[in-house]
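Everything on this sheet refers to the single structure shown next.
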Amino acid sequence: MIEVKNLVKHFGDKKAVNDISFTVNDNEVLGFLGPNGAGKSTTMNMLTGYISMTSGEIKICGIDILENPIEAKKKIGYLPEQPPLYPEMTVREYLSFAAELKGVKNIKKEIDAAARKVGLTEVMSRRVGNLSKGYKQRTGFCAALLGNPEVLILDEPTVGLDPNQIIEMRGLIKSLGREHTVILSSHILTEISAVCDRVLIINDGRIIAEDTPKNLAGRGGKAKRIIIRVDGGDDAVSAVLDGLDGVTYSKLGEGGEYEINISNASKDAGKKLFFAFAKAELPILEQREEERSLEDIFIELTKGDK
């Protein structure tokens, strides 16, 4: 488990992290999101003990990272966005070096088991500097798994992987969540939705949302998004939409296509929309409903509106 209480970090006059608190439960995968400069990477660096906090408290599996940093760090496997690899070493040499630093006892057995998990077995004898970006990422992931740490902190773990490898890695992360506490940072929001039990969004150093991906996508009540294509002029279409309660809309380029958002929408919202245009004698050429995604919510929460 990870416990964070009233965490603050200053860089000079700038407060990069502003009094945030959260927990990550055992065997939970937490998606940690935020735009560039939001304080996300700073928070993750403090969780790993890489940088110090200005004030607050971090406990890793009940161990205070300030009072007992060595023991707390033993509980963590960390994959930074740019893994600190040594290009002149072979993959096995690098992983052996990492295992020695971690105090792993049965080094060969641990390396082979971790390499199988991340699909690294076939390149163990190759030099790290000659690997593709994807295999370098896998090597860093493999190093994070050595010692079977209780907590995994993964910063952009699928960077550089091809689509098939991304799917495999998502499956791996989800399975690891059954045995480890995992914090996953990614700019690929479909990835967060696919593998995370809960999502935390940070902006301007503060937590602005925390919930399951499904609940976040449903923020704002029973909101619906409907895309329609209407055979009619802009003024006529606007007149119909302006006469409907709880409706906001925008035109999508040319061709008479509109995006319509209906707040507190019932199941028959699309039917009411259809009859409103029929009454105005404006044919709807196409009408489809779309679910609000985590990406939609992320943009709404972080685009600058307070």
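We label chains A, B, ... in the order they appear in the structure tokens, count residues from 1 in each chain, and number ligands from 1 in the order shown.
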
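Residues in contact range of Thr42 in chain A, defined as at most 10 Å between only C-alpha atoms, with sequence neighbours fewer than 6 positions away removed, read Lys9, Ala16, Val17, Tyr50, Ile51, Ser52, Met53 and Gly205 of chain A.
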
Just write the chosen residues, C-alpha atoms, as an mmCIF file, in the first residue's frame.
data_model
loop_
_atom_site.group_PDB
_atom_site.id
_atom_site.type_symbol
_atom_site.label_atom_id
_atom_site.label_comp_id
_atom_site.auth_asym_id
_atom_site.auth_seq_id
_atom_site.Cartn_x
_atom_site.Cartn_y
_atom_site.Cartn_z
ATOM 1 C CA LYS A 9 7.055 20.378 -3.084
ATOM 2 C CA ALA A 16 4.922 22.200 -7.979
ATOM 3 C CA VAL A 17 2.886 19.941 -5.684
ATOM 4 C CA TYR A 50 14.441 10.211 -5.953
ATOM 5 C CA ILE A 51 13.796 13.777 -4.792
ATOM 6 C CA SER A 52 12.885 15.059 -1.349
ATOM 7 C CA MET A 53 9.566 16.608 -0.370
ATOM 8 C CA GLY A 205 -0.110 20.706 -8.307
#

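Secondary structure by DSSP on the backbone puts the following residues of range 233-267 of chain A in helix (DSSP H, G or I): Asp234, Asp235, Ala236, Val237, Ser238, Ala239, Val240, Leu241 and Asp242 of chain A.
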
With C-alpha atoms retained, could you export that selection as a JSON list (two decimals), in the first residue's frame?
[["chain", "number", "residue", "atom", "x", "y", "z"],
["A", 234, "ASP", "CA", -27.13, 26.52, -39.96],
["A", 235, "ASP", "CA", -29.73, 29.04, -38.79],
["A", 236, "ALA", "CA", -32.55, 26.52, -39.02],
["A", 237, "VAL", "CA", -30.58, 23.81, -37.20],
["A", 238, "SER", "CA", -29.53, 26.26, -34.47],
["A", 239, "ALA", "CA", -33.14, 27.35, -33.98],
["A", 240, "VAL", "CA", -34.18, 23.76, -33.27],
["A", 241, "LEU", "CA", -31.28, 23.06, -30.90],
["A", 242, "ASP", "CA", -31.65, 26.38, -29.07]]

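Atom pair CA of Ile153 in chain A / CA of Val182 in chain A has a distance of 5.9 Å (rounded to one decimal).
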
Select from range 100-207 of chain A every residue with an atom at most 8 Å from any atom of range 74-81 of chain A, then for each give the shortest pair of atoms and their distance in Å to one decimal, using only C-alpha atoms, rows by chain and rising number, as JSON lines.
{"residue": "A:Lys102", "atom": "CA", "partner": "A:Lys74", "partner_atom": "CA", "distance": 7.4}
{"residue": "A:Gly140", "atom": "CA", "partner": "A:Leu79", "partner_atom": "CA", "distance": 6.1}
{"residue": "A:Phe141", "atom": "CA", "partner": "A:Leu79", "partner_atom": "CA", "distance": 5.8}
{"residue": "A:Ala143", "atom": "CA", "partner": "A:Gly77", "partner_atom": "CA", "distance": 7.9}
{"residue": "A:Ala144", "atom": "CA", "partner": "A:Gly77", "partner_atom": "CA", "distance": 4.3}
{"residue": "A:Leu145", "atom": "CA", "partner": "A:Gly77", "partner_atom": "CA", "distance": 5.9}
{"residue": "A:Leu146", "atom": "CA", "partner": "A:Gly77", "partner_atom": "CA", "distance": 7.6}
{"residue": "A:Asn148", "atom": "CA", "partner": "A:Gly77", "partner_atom": "CA", "distance": 7.9}
{"residue": "A:Pro149", "atom": "CA", "partner": "A:Lys75", "partner_atom": "CA", "distance": 5.0}
{"residue": "A:Glu150", "atom": "CA", "partner": "A:Lys75", "partner_atom": "CA", "distance": 5.4}
{"residue": "A:Val151", "atom": "CA", "partner": "A:Ile76", "partner_atom": "CA", "distance": 4.8}
{"residue": "A:Leu152", "atom": "CA", "partner": "A:Gly77", "partner_atom": "CA", "distance": 4.7}
{"residue": "A:Ile153", "atom": "CA", "partner": "A:Tyr78", "partner_atom": "CA", "distance": 4.9}
{"residue": "A:Leu154", "atom": "CA", "partner": "A:Leu79", "partner_atom": "CA", "distance": 4.8}
{"residue": "A:Asp155", "atom": "CA", "partner": "A:Glu81", "partner_atom": "CA", "distance": 5.0}
{"residue": "A:Glu156", "atom": "CA", "partner": "A:Glu81", "partner_atom": "CA", "distance": 5.4}
{"residue": "A:Pro157", "atom": "CA", "partner": "A:Glu81", "partner_atom": "CA", "distance": 6.9}
{"residue": "A:Val159", "atom": "CA", "partner": "A:Glu81", "partner_atom": "CA", "distance": 7.6}

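Excluding Val123 in chain A itself and same-chain residues fewer than 4 positions from it, the residues having an atom within 12 Å of it are A:Thr90, A:Val91, A:Arg92, A:Glu93, A:Asp112, A:Ala115, A:Arg116, A:Val118, A:Gly119, A:Arg127, A:Val128, A:Gly129, A:Asn130, A:Leu131, A:Ser132, A:Gly134, A:Tyr135, A:Lys136, A:Arg138, A:Thr139, counting only C-alpha atoms.
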
Please return, as a PyMOL selection string, all residues of range 102-206 of chain A that DSSP assigns to strand (DSSP E or B) on the basis of the backbone.
chain A and resi 127+151-155+181-185+198-203+206

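Put simply, CA of Ile63 in chain A is 16.8 Å away from CA of Asn45 in chain A.
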